[in-house]
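**Student:** Can you read through this structure? Questions will come right after.
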Amino acid sequence: MMTCDARRTAVRNTLARNRAQALLVSDPVNVRYLTGFESSNAFLLIATEGAALFTDFRYRDAAEELARRQGLETVIITKGLARAVAGWCRAHGIRRAAFEDHHLTVASFRLLRTKARGIAWLPAAVPVASIRAVKDAAELRAIRRAVTVAEDAFRSIPPRAWVGLTELEAAEMLEERMRAAARRHGWHADRAFSSIVAAGANASMPHHTPSAARIRAGTLLKIDWGARVDGYCSDITRTLYLGRPDRRFKSIYATVLEAQRAAIKAVKPGVRLKDVDAAARTVIARAGHGECFGHGTGHGIGMQVHEGIAVNARSGDEAKPGMVFTIEPGIYVPGWGGIRVEDMVVVTRTGVRVLTRLAK
């Protein structure tokens, strides 16, 4: 298990590649990953020697207590972040610092350059996300809990219970079932994202927003949901047919399932994730539905539902042991509906393990 101190050491090891003496972390998820500190206003500056947590008066006591335990300095922001960061950098002889260009706004960056003259600011060439991509044992435990909660909630709802509800009511029911499932385990959970419930032709939209449309028997139902437990997420999709499925549904469903199995089979350490995407895409294209699969095959998941790595045709990522991502091919036909099957996998030293266990 990586401690917060070990994670900060991993960041320090990237500073040379970032051509910097320090990294300013502004993304609150990354601040939490590197310190365990969570607030609406927190920044972390990691230098080759030492690190400082910046926050405001509202969080002073909590920040100072955490900093004391972790050997960090605490800086309480009184005249703006830029001035506080500039002062700390000058006091520690920092002349080149990297920043998170995916998160820091242009306005904040301009202010930083103005207040911290004499310090060269560089976009981080090696982002914290690359470190977060590989999960440790504690993170995997939290993810498995999030999977358990999501699966327990879904299993508690028999297929007939969806019929007659609106999509909105169905989404709310599923989210309440997740909270109830977590309570039975003695955990706290909430939804990882707004659940997607799409009935009939609405399922042709990959990320349909649940509406007042009524769910009826004799139609398909696509459900995409996930839980957040101990700060980590799950993300699962299942597509049901509420009644006896027709030939078209069976055919498209079989193709999607074959595509998912091909993608999962392709996962192993060192494989390019663009090749995992290609494994799924080839199956769907061969079945004549290539134009109906317009999104990537998967995405990284952890503290955020979508994070870091991508499983798509443009991905430059390679699979490494400990990486967790989704495999979720789909076929979407306007006017008819859509079918997606999504599971979560973790790369092992020898191959891959599927974390989700729901029937498909």
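Ordering of the structure tokens sets the chain letters (A, B, ...); residue numbers start at 1 within each chain; ligands are numbered from 1 in the order shown.
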Quick one: residues within 10 Å of Leu358 (chain A), only C-alpha atoms counted, chain neighbours fewer than 3 positions away excluded, as a list in words?

**Tutor:**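 Neighbouring residues, sequence-local ones excluded: Val147, Thr148, Ala150, Glu151, Asp152, Phe154, Arg155, Ile236, Thr237, Arg238, Asp343 and Leu355 of chain A.
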
**Student:** Quick one: residues within 6 Å of region 119-131 of chain A, only C-alpha atoms, excluding same-chain residues fewer than 5 positions away - as an NGL selection string?

**Tutor:** :A and (18 or 95-101 or 308)

**Student:** Using only C-alpha atoms for the distances, tell me which of A:Tyr253, A:Phe293, A:Tyr241, A:Tyr232 is nearest to Arg32 (chain A).

**Tutor:**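 Under the stated criterion, the closest residue is A:Tyr232.
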
**Student:** Might you pull out every residue within 10 Å of region 54-70 of chain A, with only C-alpha atoms counted and same-chain residues fewer than 5 positions away left off, and present them as a list in words?

**Tutor:**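 Final neighbour list, sorted by chain and number: Thr3, Cys4, Asp5, Ser26, Thr35, Gly36, Phe37, Glu38, Ser39, Ser40, Asn41, Ala42, Phe43, Leu44, Leu45, Val75, Ile76, Ile77, Thr78, Lys79, Gly80, Leu81, Ala84 and Val85 of chain A.
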
**Student:** Any chance you could export the current selection's C-alpha atoms as an mmCIF file, in the first residue's frame?

**Tutor:**
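Now in part-v5.cif:
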data_model
loop_
_atom_site.group_PDB
_atom_site.id
_atom_site.type_symbol
_atom_site.label_atom_id
_atom_site.label_comp_id
_atom_site.auth_asym_id
_atom_site.auth_seq_id
_atom_site.Cartn_x
_atom_site.Cartn_y
_atom_site.Cartn_z
ATOM 1 C CA THR A 3 1.158 6.010 1.765
ATOM 2 C CA CYS A 4 0.607 9.664 0.958
ATOM 3 C CA ASP A 5 4.302 10.221 1.612
ATOM 4 C CA SER A 26 -4.287 22.519 -7.998
ATOM 5 C CA THR A 35 -2.370 14.187 1.225
ATOM 6 C CA GLY A 36 -5.788 12.830 2.176
ATOM 7 C CA PHE A 37 -6.895 16.447 2.634
ATOM 8 C CA GLU A 38 -10.241 17.433 1.164
ATOM 9 C CA SER A 39 -11.629 20.953 0.988
ATOM 10 C CA SER A 40 -13.055 23.469 -1.444
ATOM 11 C CA ASN A 41 -9.813 25.459 -1.402
ATOM 12 C CA ALA A 42 -6.561 23.539 -1.138
ATOM 13 C CA PHE A 43 -3.328 23.453 -3.131
ATOM 14 C CA LEU A 44 -0.161 21.452 -2.693
ATOM 15 C CA LEU A 45 3.350 22.465 -3.658
ATOM 16 C CA VAL A 75 0.490 28.057 4.476
ATOM 17 C CA ILE A 76 -2.734 29.912 5.234
ATOM 18 C CA ILE A 77 -3.755 32.018 2.250
ATOM 19 C CA THR A 78 -4.552 35.582 3.305
ATOM 20 C CA LYS A 79 -3.684 37.694 0.248
ATOM 21 C CA GLY A 80 -4.320 35.271 -2.594
ATOM 22 C CA LEU A 81 -2.823 31.965 -3.685
ATOM 23 C CA ALA A 84 1.455 32.833 -1.081
ATOM 24 C CA VAL A 85 2.982 30.410 -3.599
#

**Student:** Just list as an MDAnalysis selection string whatever in region 157-248 of chain A DSSP marks as alpha helix (DSSP H).

**Tutor:** chainID A and resid 167:185 247:248

**Student:** Please save N, CA and C atoms of the selected residues as a PDB file, in the first residue's frame.

**Tutor:**
ATOM      1  N   GLU A 167     -38.262   6.726 -16.242  1.00  0.00           N
ATOM      2  CA  GLU A 167     -36.795   6.585 -16.198  1.00  0.00           C
ATOM      3  C   GLU A 167     -36.229   7.294 -14.964  1.00  0.00           C
ATOM      4  N   LEU A 168     -36.770   8.461 -14.653  1.00  0.00           N
ATOM      5  CA  LEU A 168     -36.298   9.202 -13.477  1.00  0.00           C
ATOM      6  C   LEU A 168     -36.560   8.427 -12.193  1.00  0.00           C
ATOM      7  N   GLU A 169     -37.753   7.877 -12.065  1.00  0.00           N
ATOM      8  CA  GLU A 169     -38.084   7.103 -10.860  1.00  0.00           C
ATOM      9  C   GLU A 169     -37.186   5.880 -10.737  1.00  0.00           C
ATOM     10  N   ALA A 170     -36.898   5.236 -11.867  1.00  0.00           N
ATOM     11  CA  ALA A 170     -36.045   4.052 -11.854  1.00  0.00           C
ATOM     12  C   ALA A 170     -34.630   4.408 -11.414  1.00  0.00           C
ATOM     13  N   ALA A 171     -34.105   5.534 -11.902  1.00  0.00           N
ATOM     14  CA  ALA A 171     -32.763   5.972 -11.512  1.00  0.00           C
ATOM     15  C   ALA A 171     -32.706   6.269 -10.017  1.00  0.00           C
ATOM     16  N   GLU A 172     -33.733   6.944  -9.513  1.00  0.00           N
ATOM     17  CA  GLU A 172     -33.774   7.265  -8.081  1.00  0.00           C
ATOM     18  C   GLU A 172     -33.870   5.992  -7.246  1.00  0.00           C
ATOM     19  N   MET A 173     -34.660   5.016  -7.692  1.00  0.00           N
ATOM     20  CA  MET A 173     -34.777   3.753  -6.969  1.00  0.00           C
ATOM     21  C   MET A 173     -33.432   3.049  -6.895  1.00  0.00           C
ATOM     22  N   LEU A 174     -32.718   3.000  -8.009  1.00  0.00           N
ATOM     23  CA  LEU A 174     -31.426   2.323  -8.033  1.00  0.00           C
ATOM     24  C   LEU A 174     -30.419   3.016  -7.120  1.00  0.00           C
ATOM     25  N   GLU A 175     -30.409   4.325  -7.118  1.00  0.00           N
ATOM     26  CA  GLU A 175     -29.469   5.059  -6.269  1.00  0.00           C
ATOM     27  C   GLU A 175     -29.779   4.875  -4.791  1.00  0.00           C
ATOM     28  N   GLU A 176     -31.058   4.823  -4.435  1.00  0.00           N
ATOM     29  CA  GLU A 176     -31.419   4.545  -3.043  1.00  0.00           C
ATOM     30  C   GLU A 176     -31.036   3.128  -2.662  1.00  0.00           C
ATOM     31  N   ARG A 177     -31.197   2.183  -3.577  1.00  0.00           N
ATOM     32  CA  ARG A 177     -30.789   0.807  -3.296  1.00  0.00           C
ATOM     33  C   ARG A 177     -29.286   0.714  -3.057  1.00  0.00           C
ATOM     34  N   MET A 178     -28.500   1.535  -3.741  1.00  0.00           N
ATOM     35  CA  MET A 178     -27.052   1.536  -3.500  1.00  0.00           C
ATOM     36  C   MET A 178     -26.730   2.016  -2.089  1.00  0.00           C
ATOM     37  N   ARG A 179     -27.407   3.079  -1.663  1.00  0.00           N
ATOM     38  CA  ARG A 179     -27.163   3.573  -0.307  1.00  0.00           C
ATOM     39  C   ARG A 179     -27.573   2.531   0.725  1.00  0.00           C
ATOM     40  N   ALA A 180     -28.691   1.854   0.475  1.00  0.00           N
ATOM     41  CA  ALA A 180     -29.164   0.813   1.395  1.00  0.00           C
ATOM     42  C   ALA A 180     -28.196  -0.367   1.421  1.00  0.00           C
ATOM     43  N   ALA A 181     -27.676  -0.747   0.255  1.00  0.00           N
ATOM     44  CA  ALA A 181     -26.713  -1.856   0.187  1.00  0.00           C
ATOM     45  C   ALA A 181     -25.459  -1.527   0.978  1.00  0.00           C
ATOM     46  N   ALA A 182     -24.995  -0.300   0.877  1.00  0.00           N
ATOM     47  CA  ALA A 182     -23.804   0.114   1.617  1.00  0.00           C
ATOM     48  C   ALA A 182     -24.057   0.052   3.124  1.00  0.00           C
ATOM     49  N   ARG A 183     -25.238   0.502   3.548  1.00  0.00           N
ATOM     50  CA  ARG A 183     -25.557   0.468   4.985  1.00  0.00           C
ATOM     51  C   ARG A 183     -25.539  -0.959   5.518  1.00  0.00           C
ATOM     52  N   ARG A 184     -26.012  -1.906   4.720  1.00  0.00           N
ATOM     53  CA  ARG A 184     -26.003  -3.308   5.172  1.00  0.00           C
ATOM     54  C   ARG A 184     -24.581  -3.807   5.403  1.00  0.00           C
ATOM     55  N   HIS A 185     -23.616  -3.264   4.672  1.00  0.00           N
ATOM     56  CA  HIS A 185     -22.210  -3.649   4.846  1.00  0.00           C
ATOM     57  C   HIS A 185     -21.506  -2.804   5.906  1.00  0.00           C
ATOM     58  N   ARG A 247     -35.623 -11.301 -32.187  1.00  0.00           N
ATOM     59  CA  ARG A 247     -34.417 -11.753 -32.881  1.00  0.00           C
ATOM     60  C   ARG A 247     -33.384 -10.639 -33.019  1.00  0.00           C
ATOM     61  N   ARG A 248     -33.842  -9.421 -33.294  1.00  0.00           N
ATOM     62  CA  ARG A 248     -32.907  -8.302 -33.470  1.00  0.00           C
ATOM     63  C   ARG A 248     -32.139  -8.016 -32.195  1.00  0.00           C
TER      64      ARG A 248
END

**Student:** Determine the nearest neighbour of Arg12 (chain A) from the options A:Val163, A:Leu24, A:Val271, A:Ala47, counting only C-alpha atoms.

**Tutor:**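 Under the stated criterion, the closest residue is A:Ala47.
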
**Student:** Give me the residues within 9 Å of Ala86 (chain A) as a ChimeraX atom specification, counting only C-alpha atoms and dropping any in the same chain fewer than 4 places off.

**Tutor:** /A:81-82,90-91,112,115-117,119

**Student:** Restrict the selected residues to C-alpha atoms and save them as a short mmCIF file (atom, residue, chain, number, x, y, z; two decimals), in the first residue's frame.

**Tutor:**
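Output below, filename out_27.cif:
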data_model
loop_
_atom_site.label_atom_id
_atom_site.label_comp_id
_atom_site.auth_asym_id
_atom_site.auth_seq_id
_atom_site.Cartn_x
_atom_site.Cartn_y
_atom_site.Cartn_z
CA LEU A 81 -2.82 31.97 -3.69
CA ALA A 82 -0.40 33.46 -6.20
CA ARG A 90 11.35 32.35 -3.16
CA ALA A 91 11.99 31.24 0.41
CA LEU A 112 0.71 33.40 -10.84
CA LYS A 115 2.94 37.69 -8.63
CA ALA A 116 5.77 35.18 -8.97
CA ARG A 117 8.12 37.04 -11.29
CA ILE A 119 9.96 31.90 -11.48
#

**Student:** Would you kindly return, as a list in words, each protein, DNA or RNA residue with an atom no farther than 12 Å from any atom of Arg141 (chain A), considering only C-alpha atoms and excluding same-chain residues fewer than 6 positions away?

**Tutor:**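 In the requested form, the answer reads Met1, Lys135, Val147, Thr148, Val229, Asp230, Gly231, Tyr232, Cys233, Ser234, Gly302, Gly322, Val346 and Leu355 of chain A.
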
**Student:** Measuring between only C-alpha atoms, which one of A:Pro206, A:Pro269, A:Gly288, A:Pro28 shows the shortest distance to Pro321 (chain A)?

**Tutor:**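 Of A:Pro206, A:Pro269, A:Gly288, A:Pro28, the one nearest Pro321 (chain A), counting only C-alpha atoms, is A:Pro269.
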
**Student:** List every residue of region 6-85 of chain A that DSSP, applied to the backbone, labels as strand (DSSP E), and write the result as a PyMOL selection string.

**Tutor:** chain A and resi 22-25+42-47+51-55+73-76

**Student:** Write a file of the just-selected residues containing N, CA and C atoms, as a short mmCIF file (atom, residue, chain, number, x, y, z; two decimals), in the first residue's frame.

**Tutor:**
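In the end it all went to selection_34.cif:
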data_model
loop_
_atom_site.label_atom_id
_atom_site.label_comp_id
_atom_site.auth_asym_id
_atom_site.auth_seq_id
_atom_site.Cartn_x
_atom_site.Cartn_y
_atom_site.Cartn_z
N ALA A 22 9.79 21.96 -8.55
CA ALA A 22 8.58 21.78 -7.75
C ALA A 22 7.38 21.61 -8.67
N LEU A 23 6.31 21.07 -8.11
CA LEU A 23 5.04 20.94 -8.84
C LEU A 23 3.93 21.55 -7.99
N LEU A 24 3.17 22.46 -8.58
CA LEU A 24 2.00 23.02 -7.92
C LEU A 24 0.79 22.18 -8.31
N VAL A 25 0.17 21.53 -7.32
CA VAL A 25 -0.99 20.67 -7.54
C VAL A 25 -2.24 21.48 -7.20
N ALA A 42 -7.83 24.10 -1.59
CA ALA A 42 -6.56 23.54 -1.14
C ALA A 42 -5.63 23.34 -2.33
N PHE A 43 -4.36 23.62 -2.11
CA PHE A 43 -3.33 23.45 -3.13
C PHE A 43 -2.12 22.83 -2.46
N LEU A 44 -1.34 22.13 -3.23
CA LEU A 44 -0.16 21.45 -2.69
C LEU A 44 1.03 21.79 -3.56
N LEU A 45 2.11 22.19 -2.93
CA LEU A 45 3.35 22.46 -3.66
C LEU A 45 4.39 21.45 -3.20
N ILE A 46 4.80 20.58 -4.12
CA ILE A 46 5.78 19.54 -3.80
C ILE A 46 7.10 19.93 -4.43
N ALA A 47 8.12 20.10 -3.60
CA ALA A 47 9.46 20.46 -4.07
C ALA A 47 10.41 19.27 -3.90
N ALA A 51 7.44 20.03 1.18
CA ALA A 51 6.15 20.24 0.52
C ALA A 51 5.29 21.11 1.42
N ALA A 52 4.40 21.87 0.80
CA ALA A 52 3.54 22.78 1.57
C ALA A 52 2.10 22.64 1.11
N LEU A 53 1.19 22.66 2.10
CA LEU A 53 -0.24 22.61 1.85
C LEU A 53 -0.81 24.02 2.04
N PHE A 54 -1.45 24.55 1.00
CA PHE A 54 -2.00 25.90 1.03
C PHE A 54 -3.52 25.80 1.15
N THR A 55 -4.08 26.54 2.10
CA THR A 55 -5.54 26.60 2.24
C THR A 55 -5.90 27.89 2.95
N GLU A 73 4.53 21.46 5.48
CA GLU A 73 4.34 22.83 5.94
C GLU A 73 2.91 23.25 5.63
N THR A 74 2.37 24.16 6.42
CA THR A 74 1.05 24.70 6.15
C THR A 74 1.17 26.18 5.87
N VAL A 75 0.52 26.63 4.80
CA VAL A 75 0.49 28.06 4.48
C VAL A 75 -0.97 28.47 4.39
N ILE A 76 -1.37 29.41 5.25
CA ILE A 76 -2.73 29.91 5.23
C ILE A 76 -2.79 31.11 4.28
#

**Student:** Need to verify the contact set: region 323-332 of chain A, 7 Å, only C-alpha atoms, exclusion of same-chain residues closer than 3 positions in sequence. Can you return it as a PyMOL selection string?

**Tutor:** chain A and resi 133-135+204-205+256+259-260+280+289+292-293+297-301+319-320+337-347

**Student:** Go through A:Gly335, A:Gly164, A:Gly351, A:Gly316 and flag the residue nearest Ala213 (chain A), using only C-alpha atoms for the distances.

**Tutor:**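 The closest residue to Ala213 (chain A) is A:Gly164.
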